[in-house]
>>> print(open('query15.cif').read())   # mmCIF, C-alpha atoms
data_work
loop_
_atom_site.group_PDB
_atom_site.id
_atom_site.type_symbol
_atom_site.label_atom_id
_atom_site.label_comp_id
_atom_site.auth_asym_id
_atom_site.auth_seq_id
_atom_site.Cartn_x
_atom_site.Cartn_y
_atom_site.Cartn_z
ATOM 1 C CA MET P 1 -4.379 -204.801 -195.878
ATOM 2 C CA ARG P 2 -2.594 -204.676 -192.538
ATOM 3 C CA ALA P 3 -0.257 -201.699 -192.337
ATOM 4 C CA ALA P 4 2.338 -200.811 -189.719
ATOM 5 C CA ILE P 5 4.466 -197.817 -188.816
ATOM 6 C CA VAL P 6 7.828 -198.129 -187.090
ATOM 7 C CA GLN P 7 8.688 -195.178 -184.828
ATOM 8 C CA ILE P 8 12.345 -194.893 -183.824
ATOM 9 C CA ASN P 9 15.046 -192.438 -182.820
ATOM 10 C CA ALA P 10 17.942 -192.478 -185.277
ATOM 11 C CA CYS P 11 20.177 -189.997 -183.456
ATOM 12 C CA HIS P 12 23.276 -192.200 -183.277
ATOM 13 C CA ALA P 13 26.252 -191.162 -185.397
ATOM 14 C CA ASP P 14 26.332 -194.779 -186.535
ATOM 15 C CA ARG P 15 24.232 -195.473 -189.622
ATOM 16 C CA GLU P 16 24.476 -199.240 -189.266
ATOM 17 C CA LYS P 17 23.235 -199.091 -185.668
ATOM 18 C CA ASN P 18 20.242 -196.960 -186.650
ATOM 19 C CA VAL P 19 19.300 -199.234 -189.535
ATOM 20 C CA THR P 20 19.721 -202.386 -187.455
ATOM 21 C CA ASN P 21 17.367 -201.012 -184.811
ATOM 22 C CA ALA P 22 14.779 -200.079 -187.431
ATOM 23 C CA LEU P 23 14.921 -203.550 -188.971
ATOM 24 C CA ARG P 24 14.432 -205.135 -185.535
ATOM 25 C CA LEU P 25 11.129 -203.283 -185.298
ATOM 26 C CA VAL P 26 10.219 -204.267 -188.863
ATOM 27 C CA ASP P 27 10.529 -207.862 -187.630
ATOM 28 C CA GLU P 28 8.062 -207.010 -184.850
ATOM 29 C CA ALA P 29 5.644 -205.485 -187.355
ATOM 30 C CA ALA P 30 5.852 -208.570 -189.572
ATOM 31 C CA ALA P 31 5.221 -210.778 -186.553
ATOM 32 C CA GLN P 32 1.993 -208.820 -186.008
ATOM 33 C CA GLY P 33 0.892 -209.614 -189.551
ATOM 34 C CA ALA P 34 1.851 -206.356 -191.254
ATOM 35 C CA GLU P 35 1.869 -206.549 -195.042
ATOM 36 C CA PHE P 36 3.149 -202.995 -195.514
ATOM 37 C CA VAL P 37 5.579 -201.210 -193.175
ATOM 38 C CA LEU P 38 6.517 -197.517 -193.140
ATOM 39 C CA LEU P 39 9.684 -196.114 -191.533
ATOM 40 C CA PRO P 40 10.297 -192.422 -190.699
ATOM 41 C CA GLU P 41 12.247 -189.672 -192.442
ATOM 42 C CA TYR P 42 16.050 -189.727 -192.020
ATOM 43 C CA MET P 43 15.789 -193.252 -190.627
ATOM 44 C CA THR P 44 19.518 -193.786 -191.186
ATOM 45 C CA PHE P 45 20.601 -190.642 -189.290
ATOM 46 C CA ASN P 46 18.801 -187.575 -187.969
ATOM 47 C CA GLY P 47 21.715 -185.619 -186.521
ATOM 48 C CA SER P 48 23.894 -182.675 -187.466
ATOM 49 C CA TYR P 49 24.150 -181.559 -191.084
ATOM 50 C CA SER P 50 27.928 -181.534 -190.568
ATOM 51 C CA LEU P 51 27.817 -185.343 -190.552
ATOM 52 C CA PHE P 52 25.658 -185.754 -193.644
ATOM 53 C CA GLU P 53 28.660 -186.413 -195.874
ATOM 54 C CA ALA P 54 29.756 -189.322 -193.684
ATOM 55 C CA MET P 55 26.187 -190.639 -193.431
ATOM 56 C CA SER P 56 25.297 -190.264 -197.109
ATOM 57 C CA GLU P 57 25.096 -193.186 -199.519
ATOM 58 C CA THR P 58 24.040 -194.201 -202.987
ATOM 59 C CA VAL P 59 20.684 -195.617 -204.068
ATOM 60 C CA PRO P 60 20.908 -198.553 -204.577
ATOM 61 C CA GLY P 61 23.445 -198.995 -201.786
ATOM 62 C CA SER P 62 24.174 -200.737 -198.512
ATOM 63 C CA THR P 63 20.978 -199.628 -196.745
ATOM 64 C CA THR P 64 18.682 -200.438 -199.643
ATOM 65 C CA GLU P 65 20.243 -203.897 -199.866
ATOM 66 C CA LEU P 66 19.411 -204.521 -196.200
ATOM 67 C CA ILE P 67 15.847 -203.216 -196.522
ATOM 68 C CA GLY P 68 15.236 -205.215 -199.683
ATOM 69 C CA ALA P 69 16.489 -208.385 -198.014
ATOM 70 C CA LYS P 70 14.172 -207.761 -195.051
ATOM 71 C CA ALA P 71 11.164 -207.259 -197.338
ATOM 72 C CA LYS P 72 11.967 -210.501 -199.144
ATOM 73 C CA GLN P 73 12.544 -212.375 -195.865
ATOM 74 C CA HIS P 74 9.041 -211.562 -194.614
ATOM 75 C CA GLY P 75 7.313 -211.323 -197.995
ATOM 76 C CA ILE P 76 6.092 -207.791 -197.213
ATOM 77 C CA SER P 77 6.288 -204.332 -198.746
ATOM 78 C CA ILE P 78 8.507 -201.779 -196.994
ATOM 79 C CA HIS P 79 8.686 -198.030 -197.409
ATOM 80 C CA ALA P 80 12.085 -197.218 -195.915
ATOM 81 C CA GLY P 81 11.237 -193.693 -194.766
ATOM 82 C CA SER P 82 14.092 -191.656 -196.153
ATOM 83 C CA LEU P 83 17.878 -191.661 -196.207
ATOM 84 C CA ILE P 84 20.639 -189.221 -197.122
ATOM 85 C CA GLU P 85 21.462 -189.870 -200.765
ATOM 86 C CA LYS P 86 24.646 -188.608 -202.402
ATOM 87 C CA SER P 87 24.087 -186.069 -205.190
ATOM 88 C CA GLU P 88 26.121 -184.862 -208.123
ATOM 89 C CA VAL P 89 26.901 -181.611 -206.246
ATOM 90 C CA PRO P 90 29.672 -181.707 -203.595
ATOM 91 C CA GLY P 91 28.319 -180.903 -200.144
ATOM 92 C CA LYS P 92 24.682 -181.380 -201.231
ATOM 93 C CA PHE P 93 22.467 -184.418 -200.835
ATOM 94 C CA TYR P 94 18.976 -185.692 -201.568
ATOM 95 C CA ASN P 95 16.437 -186.634 -198.903
ATOM 96 C CA THR P 96 15.276 -189.820 -200.600
ATOM 97 C CA SER P 97 12.544 -192.390 -199.996
ATOM 98 C CA THR P 98 12.864 -195.954 -201.240
ATOM 99 C CA VAL P 99 10.056 -198.506 -201.611
ATOM 100 C CA PHE P 100 10.374 -202.296 -201.817
ATOM 101 C CA ASN P 101 7.894 -204.948 -202.892
ATOM 102 C CA PRO P 102 7.470 -208.380 -201.205
ATOM 103 C CA LYS P 103 10.128 -209.830 -203.502
ATOM 104 C CA GLY P 104 12.646 -207.368 -202.066
ATOM 105 C CA GLU P 105 12.835 -205.364 -205.277
ATOM 106 C CA LEU P 106 13.374 -201.606 -205.181
ATOM 107 C CA VAL P 107 10.275 -200.412 -207.046
ATOM 108 C CA ALA P 108 10.227 -196.647 -206.405
ATOM 109 C CA THR P 109 12.265 -193.713 -205.158
ATOM 110 C CA TYR P 110 11.108 -190.207 -204.274
ATOM 111 C CA ARG P 111 13.270 -187.187 -203.491
ATOM 112 C CA LYS P 112 11.741 -184.660 -201.101
ATOM 113 C CA ILE P 113 10.469 -181.619 -202.992
ATOM 114 C CA HIS P 114 9.571 -179.102 -200.263
ATOM 115 C CA LEU P 115 12.541 -178.458 -197.982
ATOM 116 C CA PHE P 116 12.349 -177.478 -194.313
ATOM 117 C CA ASP P 117 13.353 -173.805 -194.402
ATOM 118 C CA ILE P 118 11.587 -172.130 -191.485
ATOM 119 C CA ASP P 119 12.187 -169.491 -188.824
ATOM 120 C CA VAL P 120 9.825 -169.436 -185.852
ATOM 121 C CA PRO P 121 11.634 -167.093 -183.413
ATOM 122 C CA GLY P 122 12.205 -168.612 -180.018
ATOM 123 C CA GLU P 123 11.009 -172.047 -181.134
ATOM 124 C CA ILE P 124 12.721 -173.471 -184.207
ATOM 125 C CA THR P 125 14.916 -172.344 -187.091
ATOM 126 C CA ASP P 126 16.235 -174.612 -189.841
ATOM 127 C CA THR P 127 17.488 -174.352 -193.429
ATOM 128 C CA GLU P 128 17.390 -177.817 -194.950
ATOM 129 C CA SER P 129 17.985 -176.373 -198.416
ATOM 130 C CA ALA P 130 21.536 -175.398 -197.444
ATOM 131 C CA TYR P 131 22.400 -179.112 -197.558
ATOM 132 C CA ILE P 132 19.594 -180.863 -199.459
ATOM 133 C CA LYS P 133 18.750 -180.578 -203.148
ATOM 134 C CA PRO P 134 15.013 -180.667 -203.838
ATOM 135 C CA GLY P 135 13.475 -183.390 -205.941
ATOM 136 C CA GLU P 136 11.589 -182.520 -209.100
ATOM 137 C CA GLN P 137 9.177 -185.436 -209.603
ATOM 138 C CA LEU P 138 5.936 -186.408 -207.864
ATOM 139 C CA ARG P 139 5.530 -190.160 -207.718
ATOM 140 C CA THR P 140 3.029 -192.938 -207.140
ATOM 141 C CA VAL P 141 3.767 -196.653 -207.281
ATOM 142 C CA ASP P 142 1.496 -199.685 -207.552
ATOM 143 C CA MET P 143 1.829 -202.031 -204.605
ATOM 144 C CA PRO P 144 -0.053 -205.312 -204.003
ATOM 145 C CA GLY P 145 -3.705 -204.222 -203.866
ATOM 146 C CA PHE P 146 -3.247 -200.450 -203.725
ATOM 147 C CA ARG P 147 -1.507 -197.427 -205.209
ATOM 148 C CA LEU P 148 0.921 -195.574 -202.950
ATOM 149 C CA GLY P 149 1.448 -191.794 -203.105
ATOM 150 C CA LEU P 150 4.885 -190.646 -201.924
ATOM 151 C CA SER P 151 5.843 -187.577 -199.893
ATOM 152 C CA ILE P 152 8.199 -186.601 -197.068
ATOM 153 C CA CYS P 153 7.616 -184.508 -193.933
ATOM 154 C CA PHE P 154 7.476 -180.771 -194.887
ATOM 155 C CA ASP P 155 5.577 -181.761 -198.039
ATOM 156 C CA LEU P 156 2.671 -182.168 -195.595
ATOM 157 C CA ARG P 157 2.073 -178.400 -195.679
ATOM 158 C CA PHE P 158 1.449 -178.348 -199.439
ATOM 159 C CA PRO P 159 -2.018 -179.856 -200.066
ATOM 160 C CA GLU P 160 -1.753 -179.449 -203.829
ATOM 161 C CA LEU P 161 0.903 -182.187 -203.870
ATOM 162 C CA TYR P 162 -1.484 -184.667 -202.245
ATOM 163 C CA ARG P 163 -4.374 -183.674 -204.480
ATOM 164 C CA ALA P 164 -2.151 -184.462 -207.462
ATOM 165 C CA LEU P 165 -1.222 -187.853 -205.987
ATOM 166 C CA ALA P 166 -4.869 -188.683 -205.261
ATOM 167 C CA GLY P 167 -5.805 -187.559 -208.751
ATOM 168 C CA ALA P 168 -3.224 -190.007 -210.068
ATOM 169 C CA GLY P 169 -5.040 -192.811 -208.247
ATOM 170 C CA ALA P 170 -3.228 -193.023 -204.897
ATOM 171 C CA ASP P 171 -5.302 -194.895 -202.295
ATOM 172 C CA VAL P 172 -2.686 -194.637 -199.553
ATOM 173 C CA LEU P 173 -0.553 -191.551 -198.899
ATOM 174 C CA VAL P 174 2.647 -191.866 -196.884
ATOM 175 C CA ILE P 175 4.406 -189.106 -194.956
ATOM 176 C CA PRO P 176 7.665 -190.313 -193.358
ATOM 177 C CA SER P 177 8.596 -187.443 -191.081
ATOM 178 C CA LEU P 178 10.941 -185.934 -188.528
ATOM 179 C CA PHE P 179 8.449 -183.398 -187.213
ATOM 180 C CA ALA P 180 9.748 -180.876 -184.689
ATOM 181 C CA LEU P 181 8.088 -180.724 -181.276
ATOM 182 C CA ALA P 182 7.461 -176.969 -181.539
ATOM 183 C CA THR P 183 5.266 -177.225 -184.640
ATOM 184 C CA GLY P 184 4.126 -180.815 -184.198
ATOM 185 C CA LYS P 185 2.221 -180.143 -180.987
ATOM 186 C CA VAL P 186 0.008 -177.589 -182.748
ATOM 187 C CA HIS P 187 -0.089 -178.737 -186.395
ATOM 188 C CA TRP P 188 0.683 -182.454 -186.793
ATOM 189 C CA HIS P 189 -2.702 -184.043 -186.102
ATOM 190 C CA ILE P 190 -4.612 -181.326 -187.948
ATOM 191 C CA LEU P 191 -2.503 -181.501 -191.108
ATOM 192 C CA VAL P 192 -2.310 -185.296 -191.303
ATOM 193 C CA ARG P 193 -6.066 -185.695 -190.826
ATOM 194 C CA ALA P 194 -6.744 -182.906 -193.333
ATOM 195 C CA ARG P 195 -4.718 -184.659 -196.041
ATOM 196 C CA ALA P 196 -6.789 -187.817 -195.439
ATOM 197 C CA ILE P 197 -10.151 -186.028 -195.404
ATOM 198 C CA GLU P 198 -9.635 -183.770 -198.404
ATOM 199 C CA ASN P 199 -8.478 -186.657 -200.619
ATOM 200 C CA HIS P 200 -10.474 -189.503 -199.035
ATOM 201 C CA SER P 201 -7.252 -191.498 -198.787
ATOM 202 C CA PHE P 202 -5.606 -193.515 -196.076
ATOM 203 C CA VAL P 203 -2.651 -191.598 -194.641
ATOM 204 C CA LEU P 204 0.308 -193.182 -192.858
ATOM 205 C CA ALA P 205 2.526 -190.604 -191.160
ATOM 206 C CA ALA P 206 5.658 -191.868 -189.410
ATOM 207 C CA GLY P 207 7.663 -189.799 -186.928
ATOM 208 C CA GLN P 208 10.728 -190.053 -184.752
ATOM 209 C CA HIS P 209 10.709 -189.641 -180.982
ATOM 210 C CA GLY P 210 13.194 -188.114 -178.562
ATOM 211 C CA GLN P 211 15.939 -185.693 -179.566
ATOM 212 C CA ASN P 212 18.742 -185.560 -182.078
ATOM 213 C CA MET P 213 22.395 -185.412 -181.044
ATOM 214 C CA GLU P 214 22.156 -181.603 -180.777
ATOM 215 C CA GLY P 215 19.204 -181.736 -178.390
ATOM 216 C CA ALA P 216 16.439 -180.762 -180.837
ATOM 217 C CA PRO P 217 13.204 -182.491 -179.711
ATOM 218 C CA PHE P 218 10.798 -184.302 -182.031
ATOM 219 C CA PHE P 219 7.041 -184.736 -181.781
ATOM 220 C CA ALA P 220 6.654 -188.449 -182.670
ATOM 221 C CA HIS P 221 2.941 -189.474 -182.461
ATOM 222 C CA SER P 222 3.052 -191.529 -185.680
ATOM 223 C CA LEU P 223 -0.454 -191.854 -187.126
ATOM 224 C CA ILE P 224 -2.567 -194.131 -189.299
ATOM 225 C CA VAL P 225 -5.674 -192.269 -190.499
ATOM 226 C CA ASP P 226 -8.595 -193.514 -192.613
ATOM 227 C CA PRO P 227 -10.307 -191.691 -195.537
ATOM 228 C CA TRP P 228 -12.917 -190.176 -193.185
ATOM 229 C CA GLY P 229 -10.225 -188.640 -190.971
ATOM 230 C CA THR P 230 -10.512 -191.188 -188.169
ATOM 231 C CA ILE P 231 -7.273 -192.027 -186.371
ATOM 232 C CA LEU P 232 -6.934 -195.815 -186.479
ATOM 233 C CA ALA P 233 -3.647 -195.996 -184.578
ATOM 234 C CA GLU P 234 -1.299 -193.548 -182.861
ATOM 235 C CA ALA P 235 2.165 -194.031 -181.371
ATOM 236 C CA PRO P 236 3.246 -192.401 -178.112
ATOM 237 C CA GLY P 237 5.168 -189.153 -178.087
ATOM 238 C CA ASP P 238 8.108 -190.403 -176.068
ATOM 239 C CA ALA P 239 9.124 -193.908 -177.140
ATOM 240 C CA GLU P 240 9.935 -196.183 -180.025
ATOM 241 C CA ALA P 241 6.905 -198.135 -181.150
ATOM 242 C CA VAL P 242 5.222 -200.301 -183.748
ATOM 243 C CA ILE P 243 1.619 -199.376 -184.518
ATOM 244 C CA VAL P 244 -0.637 -201.527 -186.683
ATOM 245 C CA ALA P 245 -4.039 -201.064 -188.324
ATOM 246 C CA ASP P 246 -6.135 -202.983 -190.829
ATOM 247 C CA LEU P 247 -6.977 -200.827 -193.851
ATOM 248 C CA ASP P 248 -10.259 -201.539 -195.629
ATOM 249 C CA LEU P 249 -9.167 -200.208 -199.006
ATOM 250 C CA SER P 250 -12.751 -200.263 -200.317
ATOM 251 C CA GLN P 251 -13.376 -197.230 -198.092
ATOM 252 C CA VAL P 252 -11.405 -195.054 -200.497
ATOM 253 C CA ALA P 253 -13.768 -195.577 -203.443
ATOM 254 C CA ARG P 254 -16.821 -195.434 -201.156
ATOM 255 C CA ARG P 255 -15.911 -192.083 -199.624
ATOM 256 C CA ARG P 256 -14.844 -190.617 -202.972
ATOM 257 C CA GLU P 257 -18.220 -191.569 -204.388
ATOM 258 C CA GLN P 258 -20.103 -190.049 -201.451
ATOM 259 C CA ILE P 259 -18.253 -186.711 -201.633
ATOM 260 C CA GLN P 260 -16.757 -186.419 -205.099
ATOM 261 C CA VAL P 261 -13.972 -183.962 -204.372
ATOM 262 C CA LEU P 262 -11.767 -185.300 -207.163
ATOM 263 C CA LYS P 263 -14.493 -185.213 -209.828
ATOM 264 C CA LEU P 264 -16.007 -181.848 -208.862
ATOM 265 C CA ARG P 265 -12.795 -179.847 -209.107
ATOM 266 C CA HIS P 266 -12.382 -176.948 -211.565
ATOM 267 C CA PRO P 267 -8.608 -176.793 -212.105
ATOM 268 C CA GLU P 268 -9.092 -174.694 -215.216
ATOM 269 C CA LEU P 269 -10.230 -171.840 -212.950
ATOM 270 C CA TYR P 270 -7.678 -172.018 -210.158
ATOM 271 C CA SER P 271 -4.991 -169.982 -211.883
ATOM 272 C CA ASN P 272 -7.489 -167.280 -212.880
ATOM 273 C CA VAL P 273 -7.821 -165.172 -209.724
ATOM 274 C CA GLU P 274 -9.539 -161.812 -210.102
ATOM 275 C CA CYS P 275 -8.005 -159.340 -207.683
ATOM 276 C CA LEU P 276 -10.384 -156.416 -207.080
#
>>> encode(input="query15.cif", output="structure tokens")
Amino acid sequence: MRAAIVQINACHADREKNVTNALRLVDEAAAQGAEFVLLPEYMTFNGSYSLFEAMSETVPGSTTELIGAKAKQHGISIHAGSLIEKSEVPGKFYNTSTVFNPKGELVATYRKIHLFDIDVPGEITDTESAYIKPGEQLRTVDMPGFRLGLSICFDLRFPELYRALAGAGADVLVIPSLFALATGKVHWHILVRARAIENHSFVLAAGQHGQNMEGAPFFAHSLIVDPWGTILAEAPGDAEAVIVADLDLSQVARRREQIQVLKLRHPELYSNVECL
């Protein structure tokens, strides 16, 4: 299966402009033979929280209609990164992924569970939970020839989520992201490769490059990693890009048979910690 990641910068306070640019690069990925394309987190808008109300939308909605039509046009599967979804609570939103099959049908949604609430003095401070409601459901979805495990950005730091997705049969794990430069330069490669190695899964991790409208810099370096932890493709840190790799999905079963991390677990013991 040929997979692609689209790396963009969606800093414009114009949702339509951001989506149009992303879809232009989806066309490029399809032209390179991609059968599955991943977009980054907040692909519709990555700017100030004060503009989230104006940039929010429903699912299904205008953006999902455009993405679905693009998937159908090329006969490919598209994971549309994430968008700002309206919630039932005024002033709060969901950070929501949407997935489309080659017929253009919306086949899965996932709302980000772990929200980006961090304080690294002198480097980065953010409180995503002040504006975003967390999701409450882990999710996999069957795509043509593989099972996809869904996550978003800060979820990357919670390995138990990925172990659960792999245990539910996910062959390919996706991590649409908007990773900050400050933490990305020290943690991104290590964490993405670790999620692939510990679950013997392919991992596709999409980022954004450049800065947002407030000047916050992002790490980019979108990655496609195989079940042995090998980086198959990497985007630059300073430009929009389309990266492509051919995934031999038989590697997942082969590596899981060689080192049976899913079968040799003892989950019945993990909540029984003796503190001496």
>>> resolve_selection(input="query15.cif", expression="the PyMOL selection byres ((chain P and resi 204) around 7)", output="ChimeraX atom specification")
/P:173-175,202-203,205-206,223-225
>>> closest_residue(input="query15.cif", among="P:Ser77, P:Leu83, P:Ser177, P:Ile190", to="Gly61 of chain P", atoms="only C-alpha atoms")
P:Leu83
>>> closest_atom_pairs(input="query15.cif", of="segment 7-122 of chain P", to="segment 142-161 of chain P", cutoff="8 Å", atoms="only C-alpha atoms", output="tab-separated table")
residue	atom	partner	partner_atom	distance
P:Glu41	CA	P:Ile152	CA	6.9
P:Ser77	CA	P:Met143	CA	7.7
P:Ser82	CA	P:Ile152	CA	7.8
P:Ser97	CA	P:Ile152	CA	7.8
P:Asn101	CA	P:Met143	CA	6.9
P:Tyr110	CA	P:Leu150	CA	6.7
P:Lys112	CA	P:Ile152	CA	5.7
P:Ile113	CA	P:Asp155	CA	7.0
P:His114	CA	P:Asp155	CA	5.3
P:Leu115	CA	P:Phe154	CA	6.4
P:Phe116	CA	P:Phe154	CA	5.9
>>> atom_distance(input="query15.cif", atom1="atom CA of Glu240 of chain P", atom2="atom CA of Val120 of chain P")
27.4 Å
>>> closest_atom_pairs(input="query15.cif", of="segment 72-118 of chain P", to="segment 17-32 of chain P", cutoff="10 Å", atoms="only C-alpha atoms", output="tab-separated table")
residue	atom	partner	partner_atom	distance
P:Gln73	CA	P:Asp27	CA	9.6
P:His74	CA	P:Ala30	CA	6.7
P:Gly75	CA	P:Ala30	CA	9.0
P:Ile76	CA	P:Ala30	CA	7.7
P:Ile78	CA	P:Val26	CA	8.7
P:Ala80	CA	P:Ala22	CA	9.3
>>> resolve_selection(input="query15.cif", expression="the PyMOL selection byres ((chain P and resi 243-246) around 6)", output="CSV table (one decimal) with C-alpha atoms, in the coordinates of the input")
chain,number,residue,atom,x,y,z
P,1,MET,CA,-4.4,-204.8,-195.9
P,2,ARG,CA,-2.6,-204.7,-192.5
P,3,ALA,CA,-0.3,-201.7,-192.3
P,4,ALA,CA,2.3,-200.8,-189.7
P,5,ILE,CA,4.5,-197.8,-188.8
P,242,VAL,CA,5.2,-200.3,-183.7
P,247,LEU,CA,-7.0,-200.8,-193.9
>>> atom_distance(input="query15.cif", atom1="atom CA of Ser129 of chain P", atom2="atom CA of Ala54 of chain P")
18.1 Å
>>> resolve_selection(input="query15.cif", expression="the PyMOL selection byres ((chain P and resi 213) around 12)", output="PDB file with C-alpha atoms, in the frame of the given file")
ATOM      1  CA  ASN P   9      15.046-192.438-182.820  1.00  0.00           C
ATOM      2  CA  ALA P  10      17.942-192.478-185.277  1.00  0.00           C
ATOM      3  CA  CYS P  11      20.177-189.997-183.456  1.00  0.00           C
ATOM      4  CA  HIS P  12      23.276-192.200-183.277  1.00  0.00           C
ATOM      5  CA  ALA P  13      26.252-191.162-185.397  1.00  0.00           C
ATOM      6  CA  ASP P  14      26.332-194.779-186.535  1.00  0.00           C
ATOM      7  CA  PHE P  45      20.601-190.642-189.290  1.00  0.00           C
ATOM      8  CA  ASN P  46      18.801-187.575-187.969  1.00  0.00           C
ATOM      9  CA  GLY P  47      21.715-185.619-186.521  1.00  0.00           C
ATOM     10  CA  SER P  48      23.894-182.675-187.466  1.00  0.00           C
ATOM     11  CA  TYR P  49      24.150-181.559-191.084  1.00  0.00           C
ATOM     12  CA  SER P  50      27.928-181.534-190.568  1.00  0.00           C
ATOM     13  CA  LEU P  51      27.817-185.343-190.552  1.00  0.00           C
ATOM     14  CA  GLY P 210      13.194-188.114-178.562  1.00  0.00           C
ATOM     15  CA  GLN P 211      15.939-185.693-179.566  1.00  0.00           C
ATOM     16  CA  ASN P 212      18.742-185.560-182.078  1.00  0.00           C
ATOM     17  CA  GLU P 214      22.156-181.603-180.777  1.00  0.00           C
ATOM     18  CA  GLY P 215      19.204-181.736-178.390  1.00  0.00           C
ATOM     19  CA  ALA P 216      16.439-180.762-180.837  1.00  0.00           C
ATOM     20  CA  PRO P 217      13.204-182.491-179.711  1.00  0.00           C
ATOM     21  CA  PHE P 218      10.798-184.302-182.031  1.00  0.00           C
TER      22      PHE P 218
END
>>> decode(input="query15.cif", residues="segment 45-58 of chain P", atoms="N, CA and C atoms", output="PDB file, in the first residue's frame")
ATOM      1  N   PHE P  45      -7.107  25.277  10.318  1.00  0.00           N
ATOM      2  CA  PHE P  45      -6.650  26.534  10.935  1.00  0.00           C
ATOM      3  C   PHE P  45      -5.832  26.211  12.169  1.00  0.00           C
ATOM      4  N   ASN P  46      -4.618  26.791  12.248  1.00  0.00           N
ATOM      5  CA  ASN P  46      -3.778  26.504  13.412  1.00  0.00           C
ATOM      6  C   ASN P  46      -3.425  27.749  14.216  1.00  0.00           C
ATOM      7  N   GLY P  47      -4.276  28.776  14.113  1.00  0.00           N
ATOM      8  CA  GLY P  47      -3.965  30.051  14.751  1.00  0.00           C
ATOM      9  C   GLY P  47      -4.555  30.225  16.136  1.00  0.00           C
ATOM     10  N   SER P  48      -4.833  31.457  16.482  1.00  0.00           N
ATOM     11  CA  SER P  48      -5.249  31.853  17.819  1.00  0.00           C
ATOM     12  C   SER P  48      -6.559  31.185  18.239  1.00  0.00           C
ATOM     13  N   TYR P  49      -6.597  30.777  19.512  1.00  0.00           N
ATOM     14  CA  TYR P  49      -7.836  30.218  20.064  1.00  0.00           C
ATOM     15  C   TYR P  49      -8.995  31.212  19.954  1.00  0.00           C
ATOM     16  N   SER P  50      -8.682  32.501  19.945  1.00  0.00           N
ATOM     17  CA  SER P  50      -9.743  33.514  19.878  1.00  0.00           C
ATOM     18  C   SER P  50     -10.529  33.439  18.569  1.00  0.00           C
ATOM     19  N   LEU P  51      -9.964  32.773  17.571  1.00  0.00           N
ATOM     20  CA  LEU P  51     -10.638  32.640  16.279  1.00  0.00           C
ATOM     21  C   LEU P  51     -11.278  31.275  16.080  1.00  0.00           C
ATOM     22  N   PHE P  52     -11.208  30.421  17.094  1.00  0.00           N
ATOM     23  CA  PHE P  52     -11.750  29.073  16.933  1.00  0.00           C
ATOM     24  C   PHE P  52     -13.247  29.071  16.662  1.00  0.00           C
ATOM     25  N   GLU P  53     -13.982  29.985  17.265  1.00  0.00           N
ATOM     26  CA  GLU P  53     -15.420  30.039  17.015  1.00  0.00           C
ATOM     27  C   GLU P  53     -15.692  30.284  15.543  1.00  0.00           C
ATOM     28  N   ALA P  54     -14.985  31.236  14.950  1.00  0.00           N
ATOM     29  CA  ALA P  54     -15.188  31.555  13.536  1.00  0.00           C
ATOM     30  C   ALA P  54     -14.728  30.420  12.629  1.00  0.00           C
ATOM     31  N   MET P  55     -13.726  29.665  13.072  1.00  0.00           N
ATOM     32  CA  MET P  55     -13.161  28.595  12.246  1.00  0.00           C
ATOM     33  C   MET P  55     -13.800  27.227  12.500  1.00  0.00           C
ATOM     34  N   SER P  56     -14.667  27.143  13.485  1.00  0.00           N
ATOM     35  CA  SER P  56     -15.283  25.862  13.822  1.00  0.00           C
ATOM     36  C   SER P  56     -16.380  25.498  12.830  1.00  0.00           C
ATOM     37  N   GLU P  57     -16.703  24.199  12.788  1.00  0.00           N
ATOM     38  CA  GLU P  57     -17.717  23.713  11.861  1.00  0.00           C
ATOM     39  C   GLU P  57     -18.301  22.406  12.366  1.00  0.00           C
ATOM     40  N   THR P  58     -19.308  21.943  11.685  1.00  0.00           N
ATOM     41  CA  THR P  58     -19.937  20.679  12.059  1.00  0.00           C
ATOM     42  C   THR P  58     -19.280  19.537  11.293  1.00  0.00           C
TER      43      THR P  58
END
